[in-house]
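So this block is run.txt, compact mmCIF, C-alpha atoms:
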# COMPACT_ATOMS: atom_id res chain seq x y z
CA MET A 4 -3.73 -16.82 15.74
CA SER A 5 -1.49 -14.50 17.67
CA SER A 6 -3.34 -12.32 20.10
CA SER A 7 -3.83 -8.73 19.09
CA GLY A 8 -4.44 -6.72 22.17
CA SER A 9 -5.51 -3.45 23.67
CA SER A 10 -2.15 -3.39 25.48
CA LYS A 11 -0.41 -2.64 22.18
CA GLU A 12 0.32 1.02 21.52
CA TYR A 13 -0.39 0.78 17.78
CA ASP A 14 -3.21 -1.15 16.16
CA VAL A 15 -1.59 -1.42 12.73
CA VAL A 16 1.99 -0.78 11.61
CA VAL A 17 2.72 -1.01 7.89
CA VAL A 18 6.25 -1.52 6.57
CA GLY A 19 6.16 -0.78 2.86
CA SER A 20 5.93 1.57 -0.07
CA CYS A 21 4.84 5.12 -0.72
CA MET A 22 4.28 6.25 -4.30
CA THR A 23 2.91 9.25 -6.16
CA ASP A 24 0.69 8.49 -9.15
CA LEU A 25 1.06 10.94 -12.05
CA VAL A 26 -1.89 10.26 -14.31
CA SER A 27 -2.24 11.73 -17.81
CA TYR A 28 -5.51 11.14 -19.65
CA VAL A 29 -4.99 10.94 -23.41
CA PRO A 30 -7.10 10.18 -26.51
CA ARG A 31 -4.79 7.25 -27.26
CA LEU A 32 -1.47 5.95 -26.03
CA PRO A 33 1.48 7.58 -27.85
CA LYS A 34 3.74 5.67 -30.21
CA PRO A 35 7.51 5.59 -29.55
CA GLY A 36 8.96 9.05 -30.16
CA GLU A 37 5.53 10.66 -30.53
CA THR A 38 4.21 13.67 -28.60
CA ILE A 39 0.46 13.95 -28.18
CA HIS A 40 -1.87 16.30 -26.30
CA GLY A 41 -3.48 15.02 -23.14
CA THR A 42 -6.92 16.06 -21.93
CA ARG A 43 -6.50 15.93 -18.16
CA PHE A 44 -3.85 15.37 -15.48
CA SER A 45 -4.09 14.30 -11.86
CA ILE A 46 -1.71 13.55 -9.01
CA GLY A 47 -2.68 10.94 -6.45
CA PHE A 48 -1.12 9.33 -3.42
CA GLY A 49 -0.42 5.63 -3.76
CA GLY A 50 1.94 2.78 -2.99
CA LYS A 51 0.48 -0.41 -1.58
CA GLY A 52 1.93 0.17 1.86
CA ALA A 53 0.64 3.72 2.19
CA ASN A 54 -2.75 2.75 0.75
CA GLN A 55 -3.25 -0.04 3.26
CA CYS A 56 -2.12 2.13 6.16
CA VAL A 57 -4.45 4.98 5.17
CA MET A 58 -7.41 2.60 4.84
CA ALA A 59 -6.84 1.21 8.34
CA ALA A 60 -6.45 4.73 9.72
CA ARG A 61 -9.65 5.98 8.10
CA MET A 62 -11.54 3.14 9.78
CA GLY A 63 -10.24 4.24 13.17
CA ALA A 64 -7.06 2.25 13.75
CA LYS A 65 -4.05 3.88 15.39
CA THR A 66 -1.48 3.41 12.66
CA ALA A 67 2.18 4.01 11.85
CA MET A 68 4.10 3.80 8.58
CA VAL A 69 7.70 2.64 8.15
CA ALA A 70 8.89 3.79 4.72
CA LYS A 71 11.24 6.02 2.75
CA VAL A 72 10.61 8.93 0.41
CA GLY A 73 12.91 11.26 -1.47
CA ASN A 74 13.78 14.77 -0.33
CA ASP A 75 11.57 16.28 -3.01
CA SER A 76 8.12 17.79 -3.35
CA PHE A 77 6.49 14.37 -3.84
CA GLY A 78 8.13 13.01 -0.70
CA HIS A 79 7.15 15.95 1.46
CA ARG A 80 3.58 15.86 0.19
CA THR A 81 3.42 12.12 0.86
CA VAL A 82 4.48 12.62 4.47
CA GLU A 83 1.90 15.38 4.90
CA ASN A 84 -0.81 13.19 3.39
CA LEU A 85 -0.04 10.41 5.86
CA LYS A 86 -0.23 12.86 8.75
CA ASP A 87 -3.47 14.33 7.39
CA ASN A 88 -4.93 10.81 7.52
CA GLY A 89 -3.87 10.35 11.13
CA VAL A 90 -0.91 8.09 10.39
CA ASP A 91 2.21 8.30 12.57
CA ALA A 92 4.90 9.15 9.98
CA SER A 93 7.81 9.47 12.42
CA CYS A 94 9.47 6.42 10.82
CA VAL A 95 9.08 7.66 7.25
CA GLY A 96 12.62 8.59 6.26
CA VAL A 97 13.27 11.48 3.89
CA VAL A 98 16.47 10.73 1.99
CA ASP A 99 18.73 12.84 -0.20
CA GLY A 100 20.00 11.64 -3.56
CA LEU A 101 16.99 9.48 -4.42
CA SER A 102 13.66 10.44 -5.91
CA SER A 103 10.41 9.55 -4.22
CA GLY A 104 8.65 6.59 -5.76
CA VAL A 105 6.52 7.66 -8.70
CA ALA A 106 4.24 6.02 -11.22
CA PRO A 107 3.71 8.03 -14.43
CA ILE A 108 0.53 6.62 -15.97
CA ALA A 109 -1.11 7.28 -19.34
CA VAL A 110 -4.78 6.33 -19.64
CA ASP A 111 -6.58 6.38 -22.98
CA GLU A 112 -10.28 6.90 -23.72
CA LYS A 113 -10.93 3.15 -23.61
CA GLY A 114 -9.43 2.86 -20.15
CA GLU A 115 -6.27 1.14 -21.40
CA ASN A 116 -3.13 2.32 -19.65
CA ALA A 117 0.63 2.34 -19.82
CA ILE A 118 2.47 2.58 -16.50
CA ILE A 119 6.09 3.21 -15.58
CA ILE A 120 7.04 2.42 -11.98
CA VAL A 121 10.08 4.20 -10.57
CA SER A 122 10.67 2.79 -7.07
CA GLY A 123 13.12 5.49 -6.03
CA ALA A 124 13.54 5.68 -2.27
CA ASN A 125 11.32 2.62 -1.74
CA SER A 126 14.21 0.44 -2.92
CA ASP A 127 16.38 1.93 -0.18
CA LEU A 128 14.16 0.76 2.69
CA SER A 129 16.36 -1.84 4.40
CA PRO A 130 16.39 -4.27 7.35
CA SER A 131 18.43 -1.60 9.13
CA ASP A 132 15.46 0.75 8.85
CA VAL A 133 13.28 -1.96 10.34
CA ARG A 134 15.65 -2.23 13.30
CA THR A 135 15.55 1.55 13.70
CA ALA A 136 11.75 1.28 13.95
CA THR A 137 11.91 -1.59 16.46
CA SER A 138 9.98 0.21 19.19
CA ILE A 139 7.07 1.00 16.88
CA ILE A 140 6.93 -2.42 15.20
CA LYS A 141 7.06 -4.23 18.54
CA SER A 142 4.23 -2.00 19.75
CA ALA A 143 1.89 -3.17 16.95
CA ALA A 144 -1.08 -5.49 17.25
CA VAL A 145 -0.87 -6.12 13.49
CA VAL A 146 2.14 -5.76 11.16
CA VAL A 147 1.50 -5.55 7.41
CA CYS A 148 4.06 -5.92 4.60
CA GLN A 149 4.07 -6.08 0.79
CA LEU A 150 6.75 -6.54 -1.87
CA GLU A 151 7.17 -3.04 -3.32
CA VAL A 152 10.20 -2.72 -1.06
CA PRO A 153 13.11 -5.24 -0.90
CA SER A 154 11.91 -8.67 0.22
CA GLU A 155 14.60 -8.89 2.91
CA THR A 156 13.09 -5.76 4.48
CA SER A 157 9.62 -7.29 4.56
CA LEU A 158 11.12 -10.48 6.00
CA ALA A 159 12.83 -8.57 8.80
CA ALA A 160 9.58 -6.76 9.66
CA LEU A 161 7.50 -9.95 9.64
CA GLU A 162 10.01 -11.76 11.85
CA MET A 163 10.10 -8.86 14.31
CA GLY A 164 6.31 -8.71 14.36
CA ARG A 165 5.93 -12.41 15.09
CA GLN A 166 8.55 -12.29 17.82
CA SER A 167 6.61 -9.52 19.54
CA GLY A 168 3.28 -11.35 19.32
CA ALA A 169 1.73 -9.32 16.51
CA ILE A 170 -0.51 -10.74 13.83
CA THR A 171 1.57 -10.59 10.64
CA ILE A 172 0.05 -10.09 7.18
CA LEU A 173 1.89 -10.35 3.87
CA ASN A 174 0.29 -8.97 0.73
CA PRO A 175 2.62 -10.62 -1.84
CA ALA A 176 2.41 -7.88 -4.44
CA PRO A 177 4.04 -7.68 -6.85
CA ALA A 178 4.34 -11.45 -6.58
CA GLN A 179 7.55 -13.42 -6.98
CA PRO A 180 7.72 -17.20 -7.55
CA GLU A 181 10.13 -18.04 -4.70
CA LEU A 182 8.70 -16.66 -1.48
CA ASP A 183 8.72 -19.64 0.88
CA HIS A 184 11.08 -17.83 3.26
CA LEU A 185 8.41 -15.15 3.65
CA LEU A 186 5.36 -17.41 3.63
CA SER A 187 6.72 -19.48 6.48
CA CYS A 188 7.07 -16.47 8.79
CA CYS A 189 3.81 -14.67 8.12
CA GLU A 190 0.58 -15.61 9.80
CA ILE A 191 -1.73 -14.48 6.99
CA VAL A 192 -0.90 -14.22 3.30
CA CYS A 193 -3.33 -12.23 1.18
CA PRO A 194 -2.80 -12.46 -2.61
CA ASN A 195 -5.18 -11.80 -5.48
CA GLU A 196 -5.79 -14.27 -8.32
CA THR A 197 -2.78 -13.17 -10.39
CA GLU A 198 -0.42 -13.20 -7.43
CA ALA A 199 -1.69 -16.61 -6.31
CA GLU A 200 -1.01 -18.00 -9.77
CA ILE A 201 2.56 -16.68 -9.73
CA LEU A 202 3.12 -18.11 -6.25
CA THR A 203 1.65 -21.55 -6.97
CA GLY A 204 1.99 -22.00 -10.74
CA TYR A 205 -1.73 -22.78 -10.77
CA ALA A 206 -4.17 -20.63 -12.78
CA VAL A 207 -6.91 -19.12 -10.61
CA LYS A 208 -10.11 -18.40 -12.53
CA THR A 209 -12.89 -20.03 -10.51
CA ILE A 210 -13.78 -20.50 -6.86
CA ALA A 211 -12.63 -24.12 -7.14
CA ASP A 212 -9.28 -22.93 -8.54
CA ALA A 213 -8.95 -20.49 -5.67
CA SER A 214 -9.66 -23.20 -3.10
CA HIS A 215 -6.93 -25.34 -4.60
CA ALA A 216 -4.47 -22.44 -4.58
CA VAL A 217 -5.30 -21.72 -0.93
CA ARG A 218 -4.47 -25.34 -0.03
CA LEU A 219 -1.18 -25.12 -1.91
CA LEU A 220 -0.19 -21.93 -0.08
CA LEU A 221 -1.14 -23.35 3.31
CA SER A 222 1.16 -26.28 2.65
CA ARG A 223 4.05 -23.83 2.32
CA GLY A 224 4.01 -22.52 5.86
CA CYS A 225 1.51 -19.72 6.47
CA GLU A 226 -1.30 -20.30 8.94
CA LYS A 227 -4.08 -18.55 7.00
CA VAL A 228 -4.59 -17.58 3.36
CA VAL A 229 -7.11 -15.05 2.06
CA LEU A 230 -7.28 -15.02 -1.74
CA THR A 231 -9.14 -11.98 -3.05
CA MET A 232 -11.06 -12.33 -6.31
CA GLY A 233 -12.56 -8.93 -7.07
CA SER A 234 -16.24 -9.21 -7.94
CA GLN A 235 -16.17 -12.89 -6.95
CA GLY A 236 -15.33 -12.03 -3.36
CA ALA A 237 -12.66 -13.97 -1.51
CA VAL A 238 -11.68 -17.53 -0.60
CA TYR A 239 -9.94 -18.16 2.69
CA GLY A 240 -8.57 -21.15 4.51
CA SER A 241 -6.46 -22.10 7.48
CA LYS A 242 -4.48 -25.06 8.75
CA GLU A 243 -7.28 -25.77 11.22
CA CYS A 244 -10.05 -25.94 8.58
CA SER A 245 -10.58 -28.96 6.38
CA GLU A 246 -11.93 -26.96 3.43
CA PRO A 247 -11.44 -23.37 2.21
CA CYS A 248 -14.49 -21.11 2.46
CA HIS A 249 -15.88 -18.72 -0.17
CA VAL A 250 -17.19 -15.27 0.78
CA SER A 251 -19.30 -13.55 -1.89
CA ALA A 252 -18.82 -9.91 -2.79
CA GLU A 253 -21.70 -7.46 -2.80
CA SER A 254 -23.02 -6.64 -6.25
CA VAL A 255 -22.09 -3.04 -7.05
CA THR A 256 -21.50 -0.97 -10.15
CA PRO A 257 -17.75 -0.29 -10.18
CA VAL A 258 -16.41 3.12 -11.13
CA ASP A 259 -12.71 2.42 -10.58
CA THR A 260 -11.27 -0.78 -9.11
CA THR A 261 -7.82 0.72 -8.51
CA GLY A 262 -6.77 0.15 -4.91
CA ALA A 263 -9.61 -2.21 -4.00
CA GLY A 264 -7.15 -4.89 -2.92
CA ASP A 265 -5.38 -2.39 -0.68
CA ALA A 266 -8.72 -1.34 0.82
CA PHE A 267 -9.34 -5.01 1.62
CA VAL A 268 -5.95 -5.54 3.27
CA GLY A 269 -6.19 -2.31 5.25
CA SER A 270 -9.64 -3.16 6.56
CA LEU A 271 -8.56 -6.75 7.30
CA ALA A 272 -5.75 -5.36 9.45
CA TYR A 273 -8.19 -2.98 11.17
CA TYR A 274 -10.60 -5.74 12.13
CA LEU A 275 -7.88 -8.07 13.37
CA ALA A 276 -6.52 -5.32 15.61
CA LYS A 277 -9.68 -3.58 16.79
CA LEU A 278 -12.35 -6.31 16.73
CA PRO A 279 -10.33 -9.49 17.39
CA ASN A 280 -13.33 -11.30 18.87
CA LEU A 281 -15.09 -11.39 15.51
CA SER A 282 -14.89 -14.72 13.71
CA PHE A 283 -12.38 -14.79 10.89
CA HIS A 284 -15.26 -15.45 8.50
CA GLU A 285 -16.98 -12.24 9.62
CA ILE A 286 -13.72 -10.29 9.34
CA VAL A 287 -13.30 -11.42 5.71
CA CYS A 288 -16.96 -10.62 4.95
CA ARG A 289 -16.68 -7.10 6.32
CA SER A 290 -13.37 -6.48 4.54
CA CYS A 291 -15.05 -7.46 1.26
CA LYS A 292 -17.77 -4.90 1.97
CA VAL A 293 -15.22 -2.14 2.56
CA ALA A 294 -13.45 -3.03 -0.69
CA ALA A 295 -16.81 -2.88 -2.50
CA LEU A 296 -17.32 0.64 -1.17
CA SER A 297 -13.95 1.71 -2.58
CA VAL A 298 -14.68 0.64 -6.17
CA GLN A 299 -17.70 2.94 -6.34
CA LYS A 300 -15.53 6.07 -6.42
CA PRO A 301 -12.64 7.09 -8.71
CA GLY A 302 -8.99 7.03 -7.73
CA THR A 303 -7.06 5.08 -5.16
CA GLN A 304 -6.89 6.70 -1.72
CA THR A 305 -9.51 9.19 -2.87
CA SER A 306 -11.94 6.28 -3.13
CA PHE A 307 -11.31 4.95 0.39
CA PRO A 308 -14.25 5.63 2.73
CA PHE A 309 -13.94 7.26 6.16
CA ARG A 310 -15.56 5.66 9.16
CA LYS A 311 -18.15 8.46 9.37
CA ASP A 312 -19.35 7.51 5.87
CA MET A 313 -19.73 3.81 6.65
CA VAL A 314 -22.70 1.96 8.14
CA ASP A 315 -22.54 1.18 11.86
CA SER A 316 -22.96 -2.55 11.25
CA LEU A 317 -19.42 -2.68 9.86
CA PHE A 318 -18.14 -1.78 13.34
CA ALA A 319 -20.53 -3.79 15.51
CA MET A 320 -19.12 -6.48 17.79
Just give me the structure of the file as structure tokens.
Amino acid sequence: MSSSGSSKEYDVVVVGSCMTDLVSYVPRLPKPGETIHGTRFSIGFGGKGANQCVMAARMGAKTAMVAKVGNDSFGHRTVENLKDNGVDASCVGVVDGLSSGVAPIAVDEKGENAIIIVSGANSDLSPSDVRTATSIIKSAAVVVCQLEVPSETSLAALEMGRQSGAITILNPAPAQPELDHLLSCCEIVCPNETEAEILTGYAVKTIADASHAVRLLLSRGCEKVVLTMGSQGAVYGSKECSEPCHVSAESVTPVDTTGAGDAFVGSLAYYLAKLPNLSFHEIVCRSCKVAALSVQKPGTQTSFPFRKDMVDSLFAM
């Protein structure tokens, strides 16, 4: 594993997406051409990149975000939200002519939903923007990327991170079948069951399935794989280990699982940067515990705990 270090200016730098969730709660989902009355509306901050960055920041990491938003009310509020969470947003570009990324969501009384994703300015984040942020990315102990921005942008960030000695994490979401060019340049790949199936062509339902998928992904270039499985915990493996290892999740009563995967990735990045002397097994265990905390509250970032609300044992050496 690359050495994260106290000499780095930033603990975690995330290159990725910022979105605004526009959630309408309705008795049922409307039919084409139909107008119905909703019962409640909420606006939330989202985007996998922003979520993961905020989670790491709330745990105490010094973080920075490299992203793009539109020059609109959603974009300005997104930047303010990042700053309010202690994230360095100096490399979040505000661009004219493009909307901020939004996700209008309708949720019915049974919890079923219909979602429209409009990437907006996220699609404009380019390798050139990565180069503009060189000083910040090269100052990171851990660099985190996802796939809600163009894959060539994530590739450029991962390559820059590795060249500067950072630990590089790829959360391959939303997954794409052909990602070997990314897998071979990231140190840790962290998919969920669905993403692992898309990447490997192998259905992941059980712990044994997950172990097989981890082996397949390791054979494609990355040094470590952490496959998250919701209530089943996580399965991880590395090139150095003969067999993947299963970490159980704590038994909790979930209120809302939205964003749990992002809570896991954000906390994983925190531990790798701030407590690098922990064993990787312990890092995965603690990240599972943070994700379990997040599912016990509604919303995405609104469900992410702050360090002051977490038990001291999660931060012990």
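With only C-alpha atoms as the atoms that count, the minimum distance from Lys311 of chain A to the choices A:Lys51, A:His284, A:Arg31, A:Arg61 is reached by A:Arg61.
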Excluding same-chain residues fewer than 4 positions from Ser270 of chain A, what lies within 8 Å of it counting all atoms listed in the file, as a list in words?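 That gives Gln55, Met58, Ala59, Met62, Ala266, Tyr274, Ser290 and Val293 of chain A.
Here atom CA of Gly224 of chain A stands at a distance of 5.7 Å from atom CA of Leu186 of chain A.
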Might you pull out every residue within 7 Å of Lys242 of chain A, with all atoms listed in the file counted and same-chain residues fewer than 4 positions away left off, and present them as a PyMOL selection string? chain A and resi 221+226-227
If you take every atom of segment 248-257 of chain A that the file lists and fit an axis-aligned box around them with 4 Å extra on each side, what centre and edge lengths come out in Å to one decimal, as lines of an AutoDock Vina configuration file?
center_x = -18.8
center_y = -10.7
center_z = -3.9
size_x = 16.5
size_y = 28.8
size_z = 20.6
Name the residues in contact with Val72 of chain A at a cut-off of 9 Å, using all atoms listed in the file, excluding same-chain residues fewer than 2 positions from it; report them as a PyMOL selection string. chain A and resi 20-22+70+74-75+77-79+81-82+95-98+101-104+123-125
Hey, what's within 8 Å of Glu253 of chain A if we count only C-alpha atoms and toss same-chain stuff fewer than 2 positions away? As a PyMOL selection string, please? chain A and resi 234+236+251+255+291-292+295
For the residues in the current selection, export C-alpha atoms as a PDB file, in the coordinates of the input.
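And here is the file that came out, result_16.pdb:
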ATOM      1  CA  SER A 234     -16.240  -9.210  -7.940  1.00  0.00           C
ATOM      2  CA  GLY A 236     -15.330 -12.030  -3.360  1.00  0.00           C
ATOM      3  CA  SER A 251     -19.300 -13.550  -1.890  1.00  0.00           C
ATOM      4  CA  VAL A 255     -22.090  -3.040  -7.050  1.00  0.00           C
ATOM      5  CA  CYS A 291     -15.050  -7.460   1.260  1.00  0.00           C
ATOM      6  CA  LYS A 292     -17.770  -4.900   1.970  1.00  0.00           C
ATOM      7  CA  ALA A 295     -16.810  -2.880  -2.500  1.00  0.00           C
TER       8      ALA A 295
END
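Taking only C-alpha atoms, the non-local environment of Gly204 of chain A within 10 Å (same-chain residues fewer than 4 positions away omitted) comprises Pro180, Glu198, Ala199, Glu200, Ala216 and Leu219 of chain A.
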From the list A:Arg80, A:Lys11, A:Lys300, A:His40, which residue is nearest Ile140 of chain A when using all atoms listed in the file?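 Looking only at the distances to Ile140 of chain A, the closest residue turns out to be A:Lys11.
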Looking at all atoms listed in the file, which of A:Ala319, A:Gly47, A:Glu112, A:Leu271 is the one that sits closest to Leu173 of chain A?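 Among the listed residues, the smallest separation from Leu173 of chain A belongs to A:Leu271.
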Can you tell me, as a PyMOL selection string, which residues sit within 9 Å of (-3.1, -2.0, -0.6) in the file's frame, using all atoms listed in the file? chain A and resi 49-56+58+149+174+176+262-269
Please, could you write that set of residues out with C-alpha atoms as a tab-separated table (two decimals), in the frame of the given file?
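Output contents, as saved in out.tsv:
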chain	number	residue	atom	x	y	z
A	49	GLY	CA	-0.42	5.63	-3.76
A	50	GLY	CA	1.94	2.78	-2.99
A	51	LYS	CA	0.48	-0.41	-1.58
A	52	GLY	CA	1.93	0.17	1.86
A	53	ALA	CA	0.64	3.72	2.19
A	54	ASN	CA	-2.75	2.75	0.75
A	55	GLN	CA	-3.25	-0.04	3.26
A	56	CYS	CA	-2.12	2.13	6.16
A	58	MET	CA	-7.41	2.60	4.84
A	149	GLN	CA	4.07	-6.08	0.79
A	174	ASN	CA	0.29	-8.97	0.73
A	176	ALA	CA	2.41	-7.88	-4.44
A	262	GLY	CA	-6.77	0.15	-4.91
A	263	ALA	CA	-9.61	-2.21	-4.00
A	264	GLY	CA	-7.15	-4.89	-2.92
A	265	ASP	CA	-5.38	-2.39	-0.68
A	266	ALA	CA	-8.72	-1.34	0.82
A	267	PHE	CA	-9.34	-5.01	1.62
A	268	VAL	CA	-5.95	-5.54	3.27
A	269	GLY	CA	-6.19	-2.31	5.25
Expected answer as a list in words: all residues with atoms within 7 Å of (14.2, 2.6, 4.7), only C-alpha atoms: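 Using only C-alpha atoms, the matching residues come out as Ala70, Lys71, Gly96, Asp127, Leu128, Ser129 and Asp132 of chain A.
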Go through A:Thr38, A:Gln166, A:Ser142, A:Ser154 and flag the residue nearest Ala178 of chain A, using all atoms listed in the file for the distances.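 Distance minimum relative to Ala178 of chain A lands on A:Ser154.
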Here is a test: counting all atoms listed in the file, which residue of A:Val258, A:Lys208, A:Val287, A:Pro177 is nearest to Tyr239 of chain A? A:Val287
So which one's closest to Ile191 of chain A, A:Pro247, A:Gly19, A:Pro257, A:Pro175? Using only C-alpha atoms, please. A:Pro175
Hey, can you check how far atom CA of Val69 of chain A sits from atom CA of Ile119 of chain A? 23.8 Å
Using Å and a single decimal, report how far atom CA of Leu32 of chain A sits from atom CA of Phe307 of chain A. 28.2 Å
